[in-house]
Amino acid sequence: MSTASLTIDGLTVDFSGFRAVDSVSTVVDAGELRVLLGANGAGKTTLMDLISGKTRATAGKVYIGDTEVTAMSEHAIARAGMGRKFQIPSVFRDLTVRQNLEVAASPSPGVFANLRFALPSSTTARIDEIIELVGLGDRVDTDAGTLSHGETQWLELGMLIAQRPKVILLDEPTAGMTEAETMKTAAIIKAMRGEHTLVVVEHDMAFVKEIANRITVMHLGKVLAEGSVESIEKNQAVRDAYLGSKGIV
Amino acid sequence: MPVTKNTLALATYVVLFLIILAAPLYFDVFWLNRFSKFLVYGMLGVAMALCWGYAGILNLGQGLFFGLGAYSIAMSMKLASPTSLAQGSDTPIPDFMLWNAEPGAPIDLCCITNGSFLWIPFKSQFFGIAMGVVLPTLVAFAIGSIIFRKRISGVFISIITLAVVLLVRLLVVEAQPFTNGFNGLTDLGYLTVFGHEFDPYYVSTYYLIAISLVVVLVLARILVQTRSGLILQAVRDDDRRARFLGFDVPAYQIFFFCVSAAIAGYAGMLYVLVAEFASPTFMDLAFSITMVVWAAVGGRNSLLGACIGAVLINMVEATVSETPQLIEAWKVIMGLAFVLAVLFLPRGIAGLVSRLGYMIVRKPQKMPAARADAVDAEPARAG
Ligand SMILES: Nc1ncnc2c1ncn2[C@@H]1O[C@H](COP(=O)(O)OP(=O)(O)OP(=O)(O)O)[C@@H](O)[C@H]1O
Ligand SMILES: [Mg+2]
């Protein structure tokens with residue numbers, strides 16, 4: 001049936017004796033939305049750092065489709081089909097919303113290849129669609145630095161869509177958002193599902209239930225459990241280790 | 001058609017070009033000679049805005065590239081000087097080499113002093129001209145490759161560029177038999193291109209510089225409006241974000257660092273044409289920092305602003321320094337202007353003028369407050 005979009009095989013990082021991520025293996029199918037759960041310090045962000053090349057793995061391998069990207073530099077991994085959103089939203093503050101998306105949608109990475117003016121009209125049309133999708137239609141000519149927190153997050157999501165990666169990593173996309181903003185973010189992420197493969201770190205369980213296909217639970221750098229939302233909710237080890245007495249609400 | 005900040009910027013470009021191209025109609029050659037130096041400084045302002053404003057690289061060693069360009073052309077012009085031809089040899093020899101030569105050394109560029117053979121290709125003035133741009137670009141490429149591939153950023157770039165310019169200045173001063181050390185290269189001949197002599201007091205020399213400035217401004221403006229220029233500004237705002245979007249960030253930084261160096265080197269050559277000397281003072285720390293001040297006051301985010309800032313500041317300074325009592329005061333004023341610009345006018349005079357101009361033009365339509373803010377932020381791209 002479906003093919004693997006992101007394969008992680010025995011990924012480990014050793015920070016002078018402390019294994020923040022310890023032999024993590026998992027396979028994310030094409031078009032799947034995988035949620036990564038885990039208490040503070042479980043190693044979720046570090047895992048994303050390893051996958052996206054920000055931190056070098058001590059052991060293990062990462063594949064996008066059939067391509068191994070483990071030892072590549074960040075920009076090469078990005079060009080191989082990986083997009084990443086950080087825990088703290090980052091956009092180009094002195095560029096307008098549209099310019100941010102134009103940069104993200106730029107079809108070629110090189111400095112000489114980009115010594116030209118207009119983007120292909122198909123790309124411009126796609127940018128318009130993305131602006132529509134993330135709901136920033138009335139902000140296109142605003143400097144990104146003046147957007148609200150929520151708008152900044154949506155712009156960054158839009159930039160990831162414009163980048164057209166196979167695999168998108170989202171680190172806490174709803175952190176610091178109001179309930180209404182969270183709802184809108186859920187809608188954007190759902191719209192991304194299918195075309196992209198997503199791995200999302202999220203704490204808000206209502207949100208997780210809304211978007212997740214499957215869940216991977218991390219604890220102390222290791223994979224504790226993996227499965228559908230229902231099976232994770234029932235899993236005794238997860239309840240003991242992560243959810244404590246509260247259970248998934 | 002609505003009046004946009006782009007129309008205003010275009011109008012400013014046109015007015016500036018008309019003024020500098022029409023200047024010979026109104027002023028004598030002595031004034032033009034002086035003014036062309038200011039235009040060269042304006043070109044340095046463009047290089048600074050490109051590097052600092054657009055790429056976010058605060059280069060405190062821009063004088064290195066200016067100096068390399070200046071020395072390259074000055075070496076060719078020195079060999080063309082009548083004095084160099086009258087040193088008792090069939091081939092030109094710079095006079096200072098004879099003063100510095102070991103007794104009994106052959107009077108020939110090949111071996112009169114250590115390293116003097118490096119002067120040989122500079123007998124061709126085309127070689128000197130080419131080196132004036134190629135050398136700064138290559139040096140910038142080497143420095144840039146190290147700095148940007150190693151992901152050195154912020155204040156450390158400034159410290160490294162500052163250290164490099166001081167180091168090279170020291171080498172130039174120390175290499176007396178090769179560079180005439182502290183005295184620099186003086187008593188130069190003329191640059192002759194296709195039989196035309198560029199006498200510093202010819203109108204044609206003024207036009208060479210004026211047109212060069214126009215061309216550099218237009219090309220730099222076009223460059224920052226390409227996609228690469230936009231991506232460069234993205235890198236300036238958040239290099240990590242750009243990297244994770246798949247851009248080879250150092251390639252962008254190195255490329256624009258080199259372009260800026262090439263412009264500075266070209267400016268160095270033009271300066272020698274009108275000033276008739278090249279000196280290690282071009283690589284003084286004070287000169288490189290002065291360029292930063294021009295760009296800050298004029299508006300570092302605007303190529304045009306930094307250019308006009310450099311020209312105007314130098315014109316005022318030249319007037320002021322005719323009164324001895326004012327010279328010290330001028331330094332204080334410039335220092336103050338720099339601090340004020342950094343604190344309150346990050347977009348410099350260009351940002352202020354652009355905002356005022358836009359407000360005046362748009363007044364009848366009564367602009368909502370939110371639009372005014374957007375305009376304030378605009379010159380980053382409009383420059
Ligand atoms: N470069 C590093 N050197 C040493 N320890 C590190 C490094 N990076 C992360 N860690 C440690 O690894 C552990 C996992 O951190 P990580 O940020 O991945 O957790 P997380 O699951 O994302 O938590 P949160 O939910 O708080 O974001 C933490 O204990 C952290 O202190
Ligand atoms: Mg985290």
# chains A, B, ... in the order shown; residues from 1 in each chain; ligands from 1
>>> residues_near_ligand(ligand="ligand 2", cutoff="7 Å", atoms="only C-alpha atoms and all ligand atoms", output="list in words")
Lys44, Thr45, Gln87 and Asp171 of chain A
>>> interface_residues(of="chain B", to="chain A", cutoff="10 Å", atoms="only C-alpha atoms", output="number ranges by chain")
B: 222-256, 371, 373-375, 377-378, 380-381
>>> select_by_dssp(residues="segment 1-246 of chain A", states="alpha helix (DSSP H)", output="MDAnalysis selection string")
chainID A and resid 44:52 74:79 97:105 121:134 149:163 179:192 205:211 229:234 236:238
>>> residues_around(residues="Ser260 of chain B", least_positions_apart="6", cutoff="9 Å", atoms="only C-alpha atoms", output="compact mmCIF listing (two decimals) with all heavy atoms, in the first residue's frame")
# COMPACT_ATOMS: atom_id res chain seq x y z
N LEU B 44 31.40 54.55 -2.68
CA LEU B 44 31.71 53.76 -1.48
C LEU B 44 30.47 53.61 -0.60
O LEU B 44 30.27 52.58 0.04
CB LEU B 44 32.84 54.43 -0.69
CG LEU B 44 34.24 54.26 -1.27
CD1 LEU B 44 35.25 55.07 -0.46
CD2 LEU B 44 34.64 52.79 -1.29
N VAL B 46 27.45 53.37 -1.74
CA VAL B 46 26.66 52.31 -2.37
C VAL B 46 27.18 50.94 -1.93
O VAL B 46 26.41 50.05 -1.54
CB VAL B 46 26.71 52.43 -3.91
CG1 VAL B 46 25.94 51.29 -4.56
CG2 VAL B 46 26.15 53.77 -4.36
N ALA B 47 28.52 50.79 -2.00
CA ALA B 47 29.11 49.50 -1.61
C ALA B 47 28.77 49.16 -0.16
O ALA B 47 28.48 48.02 0.18
CB ALA B 47 30.63 49.55 -1.80
N MET B 48 28.80 50.19 0.69
CA MET B 48 28.53 49.98 2.11
C MET B 48 27.07 49.60 2.34
O MET B 48 26.77 48.71 3.14
CB MET B 48 28.85 51.29 2.84
CG MET B 48 29.20 51.13 4.29
SD MET B 48 30.75 50.26 4.49
CE MET B 48 30.34 49.27 5.89
N ALA B 49 26.16 50.28 1.64
CA ALA B 49 24.74 49.98 1.82
C ALA B 49 24.44 48.56 1.36
O ALA B 49 23.66 47.83 1.99
CB ALA B 49 23.88 50.99 1.04
N LEU B 50 25.07 48.16 0.27
CA LEU B 50 24.86 46.81 -0.25
C LEU B 50 25.29 45.78 0.79
O LEU B 50 24.59 44.81 1.08
CB LEU B 50 25.68 46.65 -1.54
CG LEU B 50 25.37 45.47 -2.43
CD1 LEU B 50 23.94 45.53 -2.91
CD2 LEU B 50 26.32 45.44 -3.61
N CYS B 51 26.45 46.03 1.37
CA CYS B 51 27.05 45.07 2.29
C CYS B 51 26.35 45.11 3.66
O CYS B 51 25.96 44.09 4.20
CB CYS B 51 28.52 45.46 2.44
SG CYS B 51 29.52 44.22 3.18
N GLN B 62 36.28 47.95 4.76
CA GLN B 62 36.00 48.24 3.36
C GLN B 62 37.18 48.97 2.72
O GLN B 62 37.40 48.86 1.52
CB GLN B 62 34.72 49.08 3.27
CG GLN B 62 34.14 49.19 1.89
CD GLN B 62 33.34 47.95 1.49
OE1 GLN B 62 33.75 46.83 1.70
NE2 GLN B 62 32.19 48.18 0.90
N PHE B 65 39.51 47.01 0.34
CA PHE B 65 39.17 46.82 -1.07
C PHE B 65 39.40 48.11 -1.86
O PHE B 65 39.87 48.08 -3.00
CB PHE B 65 37.72 46.34 -1.19
CG PHE B 65 37.45 45.12 -0.36
CD1 PHE B 65 36.39 45.06 0.52
CD2 PHE B 65 38.31 44.02 -0.43
CE1 PHE B 65 36.17 43.93 1.30
CE2 PHE B 65 38.10 42.90 0.34
CZ PHE B 65 37.03 42.85 1.22
N THR B 137 38.07 41.64 -5.47
CA THR B 137 37.05 40.61 -5.51
C THR B 137 37.61 39.28 -5.01
O THR B 137 36.97 38.58 -4.23
CB THR B 137 36.52 40.45 -6.95
OG1 THR B 137 36.17 41.75 -7.44
CG2 THR B 137 35.30 39.56 -6.99
N ALA B 140 38.14 39.45 -1.29
CA ALA B 140 36.83 39.37 -0.63
C ALA B 140 36.32 37.94 -0.67
O ALA B 140 35.74 37.44 0.29
CB ALA B 140 35.83 40.30 -1.31
>>> residues_near_ligand(ligand="ligand 1", cutoff="10 Å", atoms="only C-alpha atoms and all ligand atoms", output="ChimeraX atom specification")
/A:13-21,36-50,55,87,171-172,201-203,218-221
>>> atom_distance(atom1="atom CA of Leu25 of chain B", atom2="atom CA of Ala350 of chain B")
27.7 Å
>>> closest_residue(among="A:Ile64, A:Ala186, A:Ala191, A:Val24", to="Thr216 of chain A", atoms="only C-alpha atoms")
A:Val24
>>> decode(residues="segment 88-102 of chain A", atoms="all heavy atoms", output="mmCIF file, in the first residue's frame")
data_model
loop_
_atom_site.group_PDB
_atom_site.id
_atom_site.type_symbol
_atom_site.label_atom_id
_atom_site.label_comp_id
_atom_site.auth_asym_id
_atom_site.auth_seq_id
_atom_site.Cartn_x
_atom_site.Cartn_y
_atom_site.Cartn_z
ATOM 1 N N ILE A 88 10.072 28.493 18.120
ATOM 2 C CA ILE A 88 9.887 29.948 18.103
ATOM 3 C C ILE A 88 9.694 30.341 16.640
ATOM 4 O O ILE A 88 10.553 30.051 15.809
ATOM 5 C CB ILE A 88 11.122 30.659 18.671
ATOM 6 C CG1 ILE A 88 11.348 30.222 20.110
ATOM 7 C CG2 ILE A 88 10.977 32.173 18.578
ATOM 8 C CD1 ILE A 88 12.734 30.491 20.623
ATOM 9 N N PRO A 89 8.551 30.979 16.312
ATOM 10 C CA PRO A 89 8.293 31.251 14.893
ATOM 11 C C PRO A 89 9.390 32.110 14.285
ATOM 12 O O PRO A 89 9.867 33.060 14.902
ATOM 13 C CB PRO A 89 6.955 31.995 14.914
ATOM 14 C CG PRO A 89 6.794 32.492 16.299
ATOM 15 C CD PRO A 89 7.518 31.527 17.178
ATOM 16 N N SER A 90 9.823 31.762 13.086
ATOM 17 C CA SER A 90 10.824 32.600 12.440
ATOM 18 C C SER A 90 10.425 32.865 10.998
ATOM 19 O O SER A 90 10.175 31.957 10.213
ATOM 20 C CB SER A 90 12.211 31.958 12.532
ATOM 21 O OG SER A 90 12.246 30.749 11.831
ATOM 22 N N VAL A 91 10.325 34.160 10.692
ATOM 23 C CA VAL A 91 10.015 34.618 9.344
ATOM 24 C C VAL A 91 10.994 35.751 9.043
ATOM 25 O O VAL A 91 11.776 36.141 9.904
ATOM 26 C CB VAL A 91 8.559 35.139 9.245
ATOM 27 C CG1 VAL A 91 7.575 34.025 9.499
ATOM 28 C CG2 VAL A 91 8.320 36.286 10.212
ATOM 29 N N PHE A 92 10.948 36.257 7.820
ATOM 30 C CA PHE A 92 11.853 37.353 7.458
ATOM 31 C C PHE A 92 11.171 38.675 7.784
ATOM 32 O O PHE A 92 10.295 39.146 7.061
ATOM 33 C CB PHE A 92 12.221 37.248 5.980
ATOM 34 C CG PHE A 92 12.789 35.903 5.632
ATOM 35 C CD1 PHE A 92 12.183 35.103 4.676
ATOM 36 C CD2 PHE A 92 13.911 35.426 6.279
ATOM 37 C CE1 PHE A 92 12.698 33.855 4.370
ATOM 38 C CE2 PHE A 92 14.434 34.175 5.986
ATOM 39 C CZ PHE A 92 13.821 33.392 5.023
ATOM 40 N N ARG A 93 11.561 39.272 8.872
ATOM 41 C CA ARG A 93 10.797 40.367 9.477
ATOM 42 C C ARG A 93 10.721 41.622 8.626
ATOM 43 O O ARG A 93 9.722 42.325 8.665
ATOM 44 C CB ARG A 93 11.398 40.713 10.847
ATOM 45 C CG ARG A 93 11.405 39.541 11.811
ATOM 46 C CD ARG A 93 12.028 39.943 13.142
ATOM 47 N NE ARG A 93 11.366 41.104 13.706
ATOM 48 C CZ ARG A 93 10.249 41.061 14.416
ATOM 49 N NH1 ARG A 93 9.674 39.903 14.650
ATOM 50 N NH2 ARG A 93 9.713 42.163 14.888
ATOM 51 N N ASP A 94 11.773 41.931 7.890
ATOM 52 C CA ASP A 94 11.765 43.177 7.116
ATOM 53 C C ASP A 94 11.239 42.996 5.700
ATOM 54 O O ASP A 94 11.261 43.928 4.900
ATOM 55 C CB ASP A 94 13.177 43.788 7.073
ATOM 56 C CG ASP A 94 13.520 44.467 8.397
ATOM 57 O OD1 ASP A 94 12.577 44.772 9.154
ATOM 58 O OD2 ASP A 94 14.710 44.685 8.671
ATOM 59 N N LEU A 95 10.795 41.798 5.376
ATOM 60 C CA LEU A 95 10.177 41.576 4.068
ATOM 61 C C LEU A 95 8.667 41.513 4.259
ATOM 62 O O LEU A 95 8.181 41.169 5.336
ATOM 63 C CB LEU A 95 10.676 40.273 3.440
ATOM 64 C CG LEU A 95 12.188 40.083 3.297
ATOM 65 C CD1 LEU A 95 12.474 38.816 2.492
ATOM 66 C CD2 LEU A 95 12.843 41.276 2.627
ATOM 67 N N THR A 96 7.934 41.825 3.185
ATOM 68 C CA THR A 96 6.485 41.741 3.294
ATOM 69 C C THR A 96 6.067 40.277 3.305
ATOM 70 O O THR A 96 6.851 39.376 3.000
ATOM 71 C CB THR A 96 5.801 42.430 2.098
ATOM 72 O OG1 THR A 96 6.145 41.707 0.912
ATOM 73 C CG2 THR A 96 6.242 43.872 1.954
ATOM 74 N N VAL A 97 4.794 40.083 3.649
ATOM 75 C CA VAL A 97 4.249 38.730 3.688
ATOM 76 C C VAL A 97 4.439 38.050 2.327
ATOM 77 O O VAL A 97 4.921 36.920 2.231
ATOM 78 C CB VAL A 97 2.758 38.785 4.074
ATOM 79 C CG1 VAL A 97 2.074 37.454 3.809
ATOM 80 C CG2 VAL A 97 2.617 39.177 5.546
ATOM 81 N N ARG A 98 4.116 38.785 1.255
ATOM 82 C CA ARG A 98 4.253 38.188 -0.068
ATOM 83 C C ARG A 98 5.711 37.871 -0.381
ATOM 84 O O ARG A 98 6.011 36.791 -0.906
ATOM 85 C CB ARG A 98 3.671 39.120 -1.140
ATOM 86 C CG ARG A 98 3.823 38.561 -2.548
ATOM 87 C CD ARG A 98 3.187 39.441 -3.597
ATOM 88 N NE ARG A 98 1.737 39.319 -3.607
ATOM 89 C CZ ARG A 98 1.088 38.315 -4.202
ATOM 90 N NH1 ARG A 98 1.749 37.370 -4.812
ATOM 91 N NH2 ARG A 98 -0.224 38.262 -4.192
ATOM 92 N N GLN A 99 6.600 38.781 -0.028
ATOM 93 C CA GLN A 99 8.022 38.523 -0.299
ATOM 94 C C GLN A 99 8.525 37.304 0.467
ATOM 95 O O GLN A 99 9.318 36.522 -0.054
ATOM 96 C CB GLN A 99 8.858 39.757 0.069
ATOM 97 C CG GLN A 99 8.717 40.895 -0.935
ATOM 98 C CD GLN A 99 9.479 42.135 -0.504
ATOM 99 O OE1 GLN A 99 9.524 42.469 0.675
ATOM 100 N NE2 GLN A 99 10.080 42.819 -1.459
ATOM 101 N N ASN A 100 8.054 37.138 1.702
ATOM 102 C CA ASN A 100 8.412 35.950 2.461
ATOM 103 C C ASN A 100 8.046 34.687 1.686
ATOM 104 O O ASN A 100 8.833 33.746 1.589
ATOM 105 C CB ASN A 100 7.682 35.947 3.814
ATOM 106 C CG ASN A 100 8.489 36.584 4.929
ATOM 107 O OD1 ASN A 100 9.279 35.927 5.579
ATOM 108 N ND2 ASN A 100 8.297 37.878 5.123
ATOM 109 N N LEU A 101 6.834 34.698 1.126
ATOM 110 C CA LEU A 101 6.377 33.520 0.394
ATOM 111 C C LEU A 101 7.135 33.360 -0.921
ATOM 112 O O LEU A 101 7.425 32.242 -1.350
ATOM 113 C CB LEU A 101 4.866 33.619 0.146
ATOM 114 C CG LEU A 101 4.032 33.527 1.430
ATOM 115 C CD1 LEU A 101 2.595 33.949 1.182
ATOM 116 C CD2 LEU A 101 4.081 32.100 1.987
ATOM 117 N N GLU A 102 7.481 34.489 -1.544
ATOM 118 C CA GLU A 102 8.251 34.417 -2.794
ATOM 119 C C GLU A 102 9.611 33.779 -2.555
ATOM 120 O O GLU A 102 10.083 32.964 -3.347
ATOM 121 C CB GLU A 102 8.430 35.816 -3.394
ATOM 122 C CG GLU A 102 7.184 36.343 -4.085
ATOM 123 C CD GLU A 102 7.315 37.803 -4.515
ATOM 124 O OE1 GLU A 102 8.383 38.412 -4.265
ATOM 125 O OE2 GLU A 102 6.358 38.327 -5.083
#
